[in-house]
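Okay, final04.txt now, which holds compact mmCIF, C-alpha atoms:
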# COMPACT_ATOMS: atom_id res chain seq x y z
CA MET A 8 -32.58 31.70 3.32
CA SER A 9 -31.15 32.01 -0.20
CA LYS A 10 -27.72 32.91 1.23
CA ARG A 11 -27.83 29.88 3.53
CA LYS A 12 -28.67 27.60 0.60
CA SER A 13 -25.82 29.13 -1.38
CA ASN A 14 -23.37 28.48 1.48
CA VAL A 15 -24.57 24.87 1.83
CA SER A 16 -24.27 24.38 -1.92
CA GLY A 17 -20.75 25.81 -1.89
CA MET A 18 -19.69 23.55 0.96
CA LEU A 19 -21.17 20.55 -0.87
CA ARG A 20 -19.24 21.38 -4.04
CA ARG A 21 -15.99 21.72 -2.09
CA PHE A 22 -16.63 18.42 -0.31
CA VAL A 23 -17.38 16.59 -3.56
CA GLY A 24 -14.28 18.07 -5.15
CA ASN A 25 -12.06 17.13 -2.20
CA GLN A 26 -9.57 14.30 -2.76
CA LEU A 27 -10.87 12.45 0.30
CA PHE A 28 -14.46 12.43 -0.96
CA ILE A 29 -14.24 8.99 -2.62
CA PRO A 30 -12.45 7.34 0.36
CA PHE A 31 -15.05 8.83 2.71
CA ILE A 32 -17.92 7.51 0.62
CA ALA A 33 -16.24 4.10 0.44
CA ILE A 34 -15.93 3.93 4.24
CA VAL A 35 -19.57 4.94 4.72
CA ILE A 36 -20.84 2.35 2.21
CA LEU A 37 -18.75 -0.47 3.70
CA ALA A 38 -19.72 0.49 7.25
CA VAL A 39 -23.45 0.56 6.41
CA VAL A 40 -23.30 -2.75 4.52
CA ASN A 41 -21.58 -4.50 7.42
CA LEU A 42 -23.84 -2.88 9.99
CA VAL A 43 -26.91 -4.18 8.18
CA HIS A 44 -25.50 -7.60 7.32
CA ASP A 45 -23.72 -8.40 10.59
CA PRO A 46 -23.42 -5.81 13.41
CA SER A 47 -20.91 -8.10 15.18
CA PHE A 48 -18.43 -7.04 12.49
CA PHE A 49 -17.58 -4.04 14.67
CA VAL A 50 -17.18 -6.00 17.90
CA VAL A 51 -13.66 -6.25 19.34
CA THR A 52 -13.09 -9.03 21.87
CA SER A 53 -10.22 -9.80 24.20
CA GLY A 54 -8.84 -13.31 24.58
CA LEU A 55 -5.68 -15.39 24.75
CA ASN A 56 -3.57 -16.60 21.83
CA ASN A 57 -1.83 -19.98 21.56
CA ALA A 58 1.02 -18.73 23.74
CA GLY A 59 -1.42 -17.69 26.47
CA ASN A 60 -0.92 -13.95 25.94
CA PRO A 61 -3.84 -11.48 25.89
CA VAL A 62 -4.78 -10.29 22.39
CA PHE A 63 -7.59 -8.34 20.78
CA SER A 64 -9.53 -10.04 17.99
CA GLY A 65 -12.32 -9.17 15.58
CA SER A 66 -12.81 -7.89 12.05
CA LEU A 67 -11.59 -4.39 12.92
CA ILE A 68 -8.37 -5.82 14.35
CA THR A 69 -7.92 -7.85 11.16
CA ILE A 70 -8.31 -4.66 9.11
CA LEU A 71 -5.70 -2.88 11.21
CA ASP A 72 -3.36 -5.87 11.09
CA TYR A 73 -3.31 -6.69 7.38
CA GLY A 74 -4.12 -3.14 6.32
CA SER A 75 -0.91 -1.95 8.00
CA GLU A 76 1.39 -3.94 5.72
CA LEU A 77 -0.59 -2.68 2.74
CA ALA A 78 -0.27 0.90 4.02
CA ILE A 79 3.53 0.50 4.08
CA LEU A 80 3.50 -0.60 0.44
CA ALA A 81 1.11 2.24 -0.47
CA ILE A 82 3.70 4.77 0.71
CA GLY A 83 6.27 3.57 -1.82
CA MET A 84 3.72 2.92 -4.56
CA THR A 85 2.42 6.50 -4.23
CA LEU A 86 5.89 7.96 -4.79
CA VAL A 87 6.52 5.67 -7.78
CA THR A 88 3.16 6.56 -9.32
CA ALA A 89 3.63 10.29 -8.76
CA ALA A 90 7.17 10.39 -10.18
CA SER A 91 6.90 7.97 -13.10
CA GLY A 92 3.22 8.07 -14.03
CA GLY A 93 3.20 4.27 -13.84
CA GLN A 94 3.01 1.44 -11.33
CA ASP A 95 5.28 -1.34 -10.09
CA ILE A 96 3.59 -4.71 -10.63
CA SER A 97 6.54 -6.70 -9.23
CA VAL A 98 5.84 -5.87 -5.58
CA GLY A 99 4.55 -9.33 -4.63
CA ALA A 100 7.44 -11.13 -6.34
CA THR A 101 9.96 -8.77 -4.74
CA ILE A 102 8.49 -9.54 -1.32
CA ALA A 103 9.17 -13.20 -2.07
CA VAL A 104 12.79 -12.42 -3.04
CA ALA A 105 13.47 -10.22 0.01
CA GLY A 106 11.74 -12.69 2.34
CA SER A 107 13.71 -15.60 0.91
CA ALA A 108 16.99 -13.72 1.40
CA MET A 109 15.99 -13.00 5.00
CA LEU A 110 15.33 -16.68 5.66
CA ARG A 111 18.62 -17.64 4.02
CA VAL A 112 20.50 -15.46 6.51
CA LEU A 113 18.47 -16.62 9.51
CA CYS A 114 18.68 -20.32 8.68
CA GLY A 115 22.14 -20.34 7.11
CA GLY A 116 21.27 -22.68 4.27
CA ASN A 117 19.75 -25.27 6.61
CA ALA A 118 16.01 -25.69 6.14
CA ARG A 119 15.52 -26.92 9.73
CA PRO A 120 18.15 -25.28 11.96
CA GLU A 121 17.98 -25.72 15.73
CA THR A 122 18.83 -22.07 16.32
CA ILE A 123 18.95 -18.98 14.13
CA GLN A 124 22.32 -18.48 12.43
CA ALA A 125 22.34 -14.67 12.52
CA PRO A 126 20.64 -11.87 14.47
CA ILE A 127 17.19 -10.91 13.19
CA ILE A 128 18.29 -7.31 12.63
CA VAL A 129 21.10 -8.49 10.32
CA ALA A 130 18.66 -10.63 8.32
CA PHE A 131 16.28 -7.67 8.05
CA LEU A 132 19.06 -5.36 6.84
CA VAL A 133 19.95 -7.94 4.17
CA ALA A 134 16.28 -8.02 3.13
CA CYS A 135 16.32 -4.20 2.93
CA LEU A 136 19.42 -4.33 0.72
CA VAL A 137 17.83 -6.95 -1.55
CA GLY A 138 14.56 -5.00 -1.75
CA MET A 139 16.40 -1.78 -2.59
CA LEU A 140 18.49 -3.57 -5.25
CA CYS A 141 15.29 -4.86 -6.86
CA GLY A 142 13.88 -1.34 -6.71
CA ALA A 143 17.10 0.02 -8.21
CA PHE A 144 16.85 -2.50 -11.05
CA ASN A 145 13.29 -1.40 -11.84
CA GLY A 146 14.21 2.25 -11.36
CA ALA A 147 17.14 2.04 -13.75
CA LEU A 148 14.97 0.52 -16.47
CA VAL A 149 12.36 3.25 -16.04
CA ALA A 150 14.52 6.30 -15.35
CA ILE A 151 17.61 5.60 -17.45
CA PHE A 152 16.36 3.38 -20.26
CA LYS A 153 12.94 5.11 -20.45
CA ILE A 154 10.95 1.86 -20.36
CA GLN A 155 7.29 2.16 -19.38
CA PRO A 156 7.02 1.21 -15.64
CA MET A 157 4.56 -1.64 -16.06
CA ILE A 158 6.71 -3.23 -18.78
CA ALA A 159 9.94 -2.68 -16.83
CA THR A 160 8.59 -4.27 -13.65
CA LEU A 161 7.11 -7.16 -15.62
CA ILE A 162 10.60 -8.73 -15.60
CA LEU A 163 10.72 -9.20 -11.82
CA PHE A 164 7.01 -9.96 -11.77
CA THR A 165 7.74 -12.95 -14.00
CA ALA A 166 11.10 -14.08 -12.61
CA GLY A 167 10.97 -12.92 -8.98
CA ARG A 168 9.38 -15.97 -7.40
CA SER A 169 11.74 -18.32 -9.23
CA ILE A 170 14.68 -16.25 -7.95
CA ALA A 171 13.23 -16.47 -4.43
CA ALA A 172 13.03 -20.27 -4.66
CA TRP A 173 16.59 -20.44 -6.06
CA ILE A 174 17.99 -18.47 -3.09
CA ASN A 175 17.00 -21.29 -0.72
CA ASN A 176 17.50 -24.17 -3.17
CA ASN A 177 13.73 -24.52 -3.54
CA GLU A 178 13.43 -25.49 0.15
CA LEU A 179 11.08 -23.94 2.70
CA PRO A 180 13.22 -22.92 5.70
CA ILE A 181 11.55 -22.59 9.08
CA VAL A 182 12.85 -20.06 11.63
CA PRO A 183 13.10 -21.77 15.05
CA ASP A 184 13.19 -18.60 17.16
CA PRO A 185 9.70 -17.71 18.46
CA LYS A 186 10.73 -14.06 18.78
CA PHE A 187 10.81 -13.77 15.00
CA ALA A 188 7.04 -14.32 14.96
CA TYR A 189 6.51 -11.19 17.06
CA PHE A 190 6.91 -8.90 14.03
CA GLY A 191 3.93 -10.34 12.18
CA GLY A 192 1.99 -11.29 15.32
CA PHE A 193 1.84 -9.99 18.87
CA ILE A 194 4.49 -8.96 21.37
CA PRO A 195 3.75 -10.71 24.71
CA GLY A 196 1.73 -8.41 26.94
CA ILE A 197 0.62 -6.12 24.10
CA PRO A 198 -2.82 -7.08 22.70
CA ILE A 199 -2.49 -4.94 19.55
CA PRO A 200 -0.79 -6.48 16.46
CA THR A 201 2.86 -5.48 16.06
CA THR A 202 2.20 -4.62 12.41
CA VAL A 203 0.23 -1.56 13.56
CA PHE A 204 3.25 -0.15 15.40
CA ILE A 205 5.61 -0.89 12.51
CA ALA A 206 3.26 0.82 10.05
CA PHE A 207 2.97 3.79 12.41
CA ALA A 208 6.77 4.05 12.56
CA CYS A 209 6.98 3.99 8.75
CA ILE A 210 4.30 6.68 8.50
CA ILE A 211 6.19 8.90 10.97
CA ILE A 212 9.43 8.44 9.00
CA ILE A 213 7.87 9.34 5.64
CA ALA A 214 6.11 12.31 7.26
CA LEU A 215 9.44 13.64 8.54
CA VAL A 216 11.10 13.04 5.16
CA LEU A 217 8.35 14.91 3.30
CA LYS A 218 8.40 17.74 5.84
CA PHE A 219 12.13 18.36 6.09
CA THR A 220 13.23 17.51 2.54
CA ASN A 221 12.11 18.50 -0.95
CA LEU A 222 11.29 14.91 -1.94
CA GLY A 223 7.55 15.54 -2.19
CA LEU A 224 7.96 18.76 -4.16
CA TYR A 225 10.50 17.27 -6.57
CA THR A 226 8.44 14.11 -7.06
CA GLN A 227 5.33 16.10 -7.96
CA SER A 228 7.30 18.41 -10.24
CA VAL A 229 8.80 15.49 -12.19
CA GLY A 230 5.41 13.78 -12.45
CA ILE A 231 3.63 16.91 -13.67
CA ASN A 232 6.21 18.07 -16.21
CA GLU A 233 9.56 16.34 -16.53
CA SER A 234 11.01 18.83 -19.00
CA SER A 235 10.03 21.82 -16.89
CA SER A 236 11.45 20.28 -13.72
CA ARG A 237 14.77 19.66 -15.52
CA LEU A 238 14.90 23.34 -16.52
CA ASN A 239 14.41 24.22 -12.84
CA GLY A 240 17.46 22.24 -11.78
CA ILE A 241 15.76 19.00 -10.77
CA ASN A 242 17.17 15.69 -11.98
CA PRO A 243 14.13 13.64 -13.12
CA THR A 244 16.23 10.51 -13.64
CA PHE A 245 17.42 10.52 -10.03
CA ILE A 246 13.96 11.29 -8.60
CA LYS A 247 12.35 8.39 -10.49
CA PHE A 248 15.20 6.08 -9.53
CA LEU A 249 14.93 7.14 -5.88
CA ALA A 250 11.16 6.53 -5.84
CA PHE A 251 11.64 2.91 -6.92
CA VAL A 252 14.42 2.40 -4.34
CA ILE A 253 12.13 3.72 -1.58
CA LEU A 254 9.42 1.33 -2.74
CA GLY A 255 11.99 -1.47 -2.53
CA LEU A 256 12.67 -0.51 1.08
CA CYS A 257 8.93 -0.57 1.83
CA VAL A 258 8.75 -4.01 0.20
CA ALA A 259 11.49 -5.28 2.55
CA VAL A 260 9.49 -4.15 5.59
CA ALA A 261 6.38 -5.85 4.20
CA ALA A 262 8.46 -8.99 3.59
CA LEU A 263 9.47 -9.04 7.27
CA LEU A 264 5.81 -8.91 8.30
CA LYS A 265 4.72 -11.52 5.76
CA VAL A 266 7.46 -14.05 6.52
CA SER A 267 7.27 -13.65 10.29
CA ARG A 268 3.57 -14.50 10.35
CA LEU A 269 4.37 -18.16 9.59
CA SER A 270 8.15 -18.13 10.25
CA THR A 271 8.55 -19.65 6.78
CA ILE A 272 7.71 -18.86 3.15
CA ASN A 273 5.69 -20.22 0.26
CA TYR A 274 7.25 -18.78 -2.87
CA SER A 275 4.21 -19.13 -5.12
CA VAL A 276 1.62 -17.83 -2.65
CA ILE A 277 3.27 -15.19 -0.47
CA ALA A 278 1.97 -11.68 -1.21
CA LYS A 279 0.09 -12.95 -4.26
CA ASP A 280 -1.69 -10.08 -6.06
CA ILE A 281 -0.70 -7.62 -3.31
CA GLU A 282 0.58 -5.22 -5.98
CA MET A 283 -3.00 -4.82 -7.20
CA ASP A 284 -4.12 -3.85 -3.69
CA ALA A 285 -1.28 -1.34 -3.39
CA ILE A 286 -2.15 0.27 -6.73
CA LEU A 287 -5.83 0.29 -5.80
CA ALA A 288 -4.99 2.00 -2.49
CA VAL A 289 -3.25 4.80 -4.40
CA ALA A 290 -6.22 5.18 -6.75
CA LEU A 291 -8.77 5.02 -3.94
CA GLY A 292 -6.88 7.82 -2.22
CA GLY A 293 -7.76 10.03 -5.17
CA ASN A 294 -4.23 10.15 -6.58
CA ALA A 295 -3.94 10.33 -10.36
CA LEU A 296 -2.43 7.09 -11.72
CA SER A 297 -0.88 9.19 -14.48
CA GLY A 298 1.45 10.83 -11.96
CA GLY A 299 1.99 14.33 -10.60
CA LYS A 300 0.36 15.74 -7.48
CA PHE A 301 -0.18 13.21 -4.71
CA ASN A 302 -1.50 12.88 -1.17
CA ILE A 303 0.31 10.13 0.69
CA TRP A 304 -2.12 10.27 3.62
CA ALA A 305 -5.00 9.56 1.27
CA SER A 306 -3.11 6.51 -0.06
CA ILE A 307 -2.57 5.21 3.47
CA LEU A 308 -6.26 5.67 4.19
CA GLY A 309 -7.00 3.91 0.90
CA ALA A 310 -4.89 0.93 2.02
CA TYR A 311 -7.01 0.41 5.12
CA ILE A 312 -10.18 0.79 3.05
CA ILE A 313 -8.96 -1.91 0.65
CA GLN A 314 -8.45 -4.24 3.61
CA PHE A 315 -11.89 -3.17 4.88
CA LEU A 316 -13.30 -4.26 1.50
CA THR A 317 -11.35 -7.54 1.53
CA THR A 318 -12.51 -8.43 5.05
CA THR A 319 -16.08 -7.55 4.11
CA LEU A 320 -15.98 -9.80 1.06
CA TYR A 321 -14.69 -12.67 3.19
CA LYS A 322 -17.59 -12.03 5.58
CA PHE A 323 -19.92 -12.53 2.62
CA ASN A 324 -18.21 -15.88 1.96
CA VAL A 325 -16.57 -14.72 -1.27
CA SER A 326 -13.80 -17.16 -2.21
CA SER A 327 -10.23 -15.90 -2.39
CA ASP A 328 -10.11 -16.73 -6.11
CA ALA A 329 -13.02 -14.37 -6.79
CA LEU A 330 -11.64 -11.42 -4.78
CA ALA A 331 -9.66 -10.09 -7.74
CA ALA A 332 -12.82 -9.86 -9.84
CA TYR A 333 -14.62 -7.75 -7.22
CA LYS A 334 -11.59 -5.49 -6.79
CA ALA A 335 -11.34 -5.11 -10.57
CA VAL A 336 -14.85 -3.67 -10.56
CA VAL A 337 -13.75 -1.16 -7.89
CA VAL A 338 -10.74 -0.21 -10.03
CA ILE A 339 -12.99 0.44 -13.03
CA ILE A 340 -15.31 2.64 -10.96
CA LEU A 341 -12.39 4.59 -9.49
CA VAL A 342 -10.73 5.14 -12.86
CA VAL A 343 -14.00 6.35 -14.37
CA PHE A 344 -14.77 8.75 -11.50
CA SER A 345 -11.19 10.09 -11.46
CA ALA A 346 -11.25 10.83 -15.19
CA PRO A 347 -11.07 14.60 -15.86
CA VAL A 348 -14.13 14.47 -18.17
CA VAL A 349 -16.30 12.87 -15.47
CA ARG A 350 -15.10 15.30 -12.79
CA GLU A 351 -15.84 18.27 -15.08
CA ASN A 352 -19.34 16.97 -15.76
CA ILE A 353 -20.01 16.47 -12.03
CA SER A 354 -18.75 19.98 -11.28
CA ARG A 355 -20.90 21.41 -14.09
CA LEU A 356 -23.93 19.50 -12.81
CA SER A 357 -23.47 20.74 -9.25
CA LYS A 358 -23.23 24.35 -10.49
CA ARG A 359 -26.43 23.92 -12.50
CA PHE A 360 -28.40 22.89 -9.40
CA SER A 361 -26.83 25.51 -7.13
CA PRO A 362 -28.93 28.64 -6.48
CA ALA A 363 -27.94 31.54 -8.70
CA LYS A 364 -26.61 34.66 -7.00
CA LYS A 365 -28.93 37.62 -7.05
CA GLU A 366 -27.66 40.68 -8.89
CA VAL A 367 -27.13 43.72 -6.70
CA ALA A 368 -28.84 46.83 -8.01

Starting from the coordinates I provided, produce the structure as structure tokens.
Amino acid sequence: MSKRKSNVSGMLRRFVGNQLFIPFIAIVILAVVNLVHDPSFFVVTSGLNNAGNPVFSGSLITILDYGSELAILAIGMTLVTAASGGQDISVGATIAVAGSAMLRVLCGGNARPETIQAPIIVAFLVACLVGMLCGAFNGALVAIFKIQPMIATLILFTAGRSIAAWINNNELPIVPDPKFAYFGGFIPGIPIPTTVFIAFACIIIIALVLKFTNLGLYTQSVGINESSSRLNGINPTFIKFLAFVILGLCVAVAALLKVSRLSTINYSVIAKDIEMDAILAVALGGNALSGGKFNIWASILGAYIIQFLTTTLYKFNVSSDALAAYKAVVVIILVVFSAPVVRENISRLSKRFSPAKKEVA
């Protein structure tokens, strides 16, 4: 009996110490709260959209839909956090810039064109280039000029939305092609949101990159000890720069999804505060915000949990203006629980209550 208790205690300690412990607890708490408050939260229904095509709807579909674009951003934000030990707070503004550039190409400078002026793929590639240039700008400030990431990205955070408005002469272009709306909505005949498939494709790509290249290893090495990684032949400047460029590419994909939902853009509102959600997804995944070792799968899971939390708060009739306050509380809790001192105390407490091993004569 004592041996069985010891095994159970050991398994419990390993589970509590696992990086996915906090995300798992968060899912359980949110699921129980919604199950008690409104069991219909978990109901998925089938119906027709405005175009007469079959679509699935419900809170879970909303979580998958909007959580997918956040998961794409979490991929890039995880790499930036791991490599630089800081976060990019210009993500929302950069989405506005990349989305505005995309609309400029599609509409050709005319706010109300009768037809699109360029193929959608060309407009998307331009958005990718713009997003990567913004990432390169942030990366250069951080990697080359050694500016703290949050301060470096504050420039685009402040000026980005004004730049986005300038690109289209402060007009709000509308894309006339209904096919453009497929990326942020539904493809006819497929009832699952297109964003889910795009996020899945991005996850597969980053999985292949991490598996067949040394990007993950080099990123962790630079984040843990920059001087040591340099002595081992790794270029920390390039790795940090590359992390920000990859985040810029992720931002461009998110911009495609955001803009295609309405086929237009609102410079001051689009992706507002989304950088906070992306950072929170990384933290909720158990990744240290100070950089170093990371688990990108945990960040992706964290992104869907953040959307789970957002959808739950809306179900409780929390206004959009108050969402940031609730999420700030979650950030405080996560930062406290991820602090080394707190984790050491929890580990020490669990050992105190575990059954002591009997000495063998």

Point to revise | Expected answer as a ChimeraX atom specification: all residues with atoms within 10 Å of (15.1, 6.2, -17.7), all atoms listed in the file | key: /A:91,145-156,243-245,247-248

Next, write the just-selected residues to a file, as a compact mmCIF listing (two decimals), in the coordinates of the input, keeping C-alpha atoms as the atom set.
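File produced: part_29.txt:
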# COMPACT_ATOMS: atom_id res chain seq x y z
CA SER A 91 6.90 7.97 -13.10
CA ASN A 145 13.29 -1.40 -11.84
CA GLY A 146 14.21 2.25 -11.36
CA ALA A 147 17.14 2.04 -13.75
CA LEU A 148 14.97 0.52 -16.47
CA VAL A 149 12.36 3.25 -16.04
CA ALA A 150 14.52 6.30 -15.35
CA ILE A 151 17.61 5.60 -17.45
CA PHE A 152 16.36 3.38 -20.26
CA LYS A 153 12.94 5.11 -20.45
CA ILE A 154 10.95 1.86 -20.36
CA GLN A 155 7.29 2.16 -19.38
CA PRO A 156 7.02 1.21 -15.64
CA PRO A 243 14.13 13.64 -13.12
CA THR A 244 16.23 10.51 -13.64
CA PHE A 245 17.42 10.52 -10.03
CA LYS A 247 12.35 8.39 -10.49
CA PHE A 248 15.20 6.08 -9.53

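Distance annotation: of A:Gly99, A:Gly115, A:Pro46, A:Gly92, the residue with the minimal separation from Thr165 of chain A is A:Gly99; atom set is all atoms listed in the file.
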
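Nearest-residue note for Ile313 of chain A: choosing from A:Tyr73, A:Phe63, A:Phe131, A:Phe144, the minimum distance belongs to A:Tyr73, counting only C-alpha atoms.
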
Exercise for review: Take atom CA of Leu269 of chain A and atom CA of Ala310 of chain A and report the distance between them in Å, one decimal.
Suggested key: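 So the two atoms, atom CA of Leu269 of chain A and atom CA of Ala310 of chain A, lie 22.5 Å apart.
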
Practice item. Just the residues within 10 Å of segment 77-82 of chain A, please, counting all atoms listed in the file, with nothing from its chain fewer than 5 positions along; format it as an NGL selection string. Key: :A and (71-72 or 87 or 98 or 202-203 or 205-210 or 213 or 253-261 or 281-282 or 284-289 or 292 or 302-314)

For Asn176 of chain A, please output as a short mmCIF file (atom, residue, chain, number, x, y, z; two decimals) with C-alpha atoms, in the frame of the given file all residues within 9 Å (counting all atoms listed in the file; exclusion window: fewer than 4 positions along the same chain).
data_model
loop_
_atom_site.label_atom_id
_atom_site.label_comp_id
_atom_site.auth_asym_id
_atom_site.auth_seq_id
_atom_site.Cartn_x
_atom_site.Cartn_y
_atom_site.Cartn_z
CA GLY A 116 21.27 -22.68 4.27
CA ALA A 171 13.23 -16.47 -4.43
CA ALA A 172 13.03 -20.27 -4.66
#

Exercise for review: Please provide as a PyMOL selection string all residues within 12 Å of Ile102 of chain A, with the sequence filter that same-chain residues fewer than 5 positions apart are discarded (counting only C-alpha atoms).
Suggested key: chain A and resi 76+80+96-97+107-109+134-135+137-139+141-142+163-164+167-168+170-171+254-266+272-282

Could the residues in this selection be saved with C-alpha atoms as a tab-separated table (two decimals), in the frame of the given file?
chain	number	residue	atom	x	y	z
A	76	GLU	CA	1.39	-3.94	5.72
A	80	LEU	CA	3.50	-0.60	0.44
A	96	ILE	CA	3.59	-4.71	-10.63
A	97	SER	CA	6.54	-6.70	-9.23
A	107	SER	CA	13.71	-15.60	0.91
A	108	ALA	CA	16.99	-13.72	1.40
A	109	MET	CA	15.99	-13.00	5.00
A	134	ALA	CA	16.28	-8.02	3.13
A	135	CYS	CA	16.32	-4.20	2.93
A	137	VAL	CA	17.83	-6.95	-1.55
A	138	GLY	CA	14.56	-5.00	-1.75
A	139	MET	CA	16.40	-1.78	-2.59
A	141	CYS	CA	15.29	-4.86	-6.86
A	142	GLY	CA	13.88	-1.34	-6.71
A	163	LEU	CA	10.72	-9.20	-11.82
A	164	PHE	CA	7.01	-9.96	-11.77
A	167	GLY	CA	10.97	-12.92	-8.98
A	168	ARG	CA	9.38	-15.97	-7.40
A	170	ILE	CA	14.68	-16.25	-7.95
A	171	ALA	CA	13.23	-16.47	-4.43
A	254	LEU	CA	9.42	1.33	-2.74
A	255	GLY	CA	11.99	-1.47	-2.53
A	256	LEU	CA	12.67	-0.51	1.08
A	257	CYS	CA	8.93	-0.57	1.83
A	258	VAL	CA	8.75	-4.01	0.20
A	259	ALA	CA	11.49	-5.28	2.55
A	260	VAL	CA	9.49	-4.15	5.59
A	261	ALA	CA	6.38	-5.85	4.20
A	262	ALA	CA	8.46	-8.99	3.59
A	263	LEU	CA	9.47	-9.04	7.27
A	264	LEU	CA	5.81	-8.91	8.30
A	265	LYS	CA	4.72	-11.52	5.76
A	266	VAL	CA	7.46	-14.05	6.52
A	272	ILE	CA	7.71	-18.86	3.15
A	273	ASN	CA	5.69	-20.22	0.26
A	274	TYR	CA	7.25	-18.78	-2.87
A	275	SER	CA	4.21	-19.13	-5.12
A	276	VAL	CA	1.62	-17.83	-2.65
A	277	ILE	CA	3.27	-15.19	-0.47
A	278	ALA	CA	1.97	-11.68	-1.21
A	279	LYS	CA	0.09	-12.95	-4.26
A	280	ASP	CA	-1.69	-10.08	-6.06
A	281	ILE	CA	-0.70	-7.62	-3.31
A	282	GLU	CA	0.58	-5.22	-5.98

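Look at everything within 12 Å of (14.1, -8.5, 19.5) using all atoms listed in the file, and the residues you get are Pro126, Ile127, Ile128, Val129, Phe131, Asp184, Pro185, Lys186, Phe187, Ala188, Tyr189, Phe190, Ile194 and Pro195 of chain A.
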
Check your understanding: With distances taken over only C-alpha atoms, which of A:Asn239, A:Ser47, A:Asn221, A:Gln227 is nearest to Ala295 of chain A?
Key ->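 So, comparing all the options, the nearest one is A:Gln227.
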
Check your understanding: So which residues touch Gly223 of chain A within 9 Å, counting all atoms listed in the file, skipping near sequence neighbours fewer than 5 positions away, as an MDAnalysis selection string?
Key -> chainID A and resid 86 216:218 228 300:301

Point to revise | Residue contacts of Ser236 of chain A (12 Å, only C-alpha atoms) excluding same-chain residues fewer than 4 positions away, as a PyMOL selection string | key: chain A and resi 90+224-232+240-244+246+299

Review point. Which of these, A:Pro200, A:Ala166, A:Ser270, A:Ser75, has the shortest distance to Ile123 of chain A once you count only C-alpha atoms?
Key: A:Ser270

Check your understanding: Any idea what the distance is between atom CA of Ile211 of chain A and atom CA of Ala38 of chain A?
Key ->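 We find that atom CA of Ile211 of chain A and atom CA of Ala38 of chain A lie 27.5 Å from each other.
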
Study note, to complete from the structure: atom CA of Pro183 of chain A to atom CA of Pro120 of chain A measures 6.9 Å
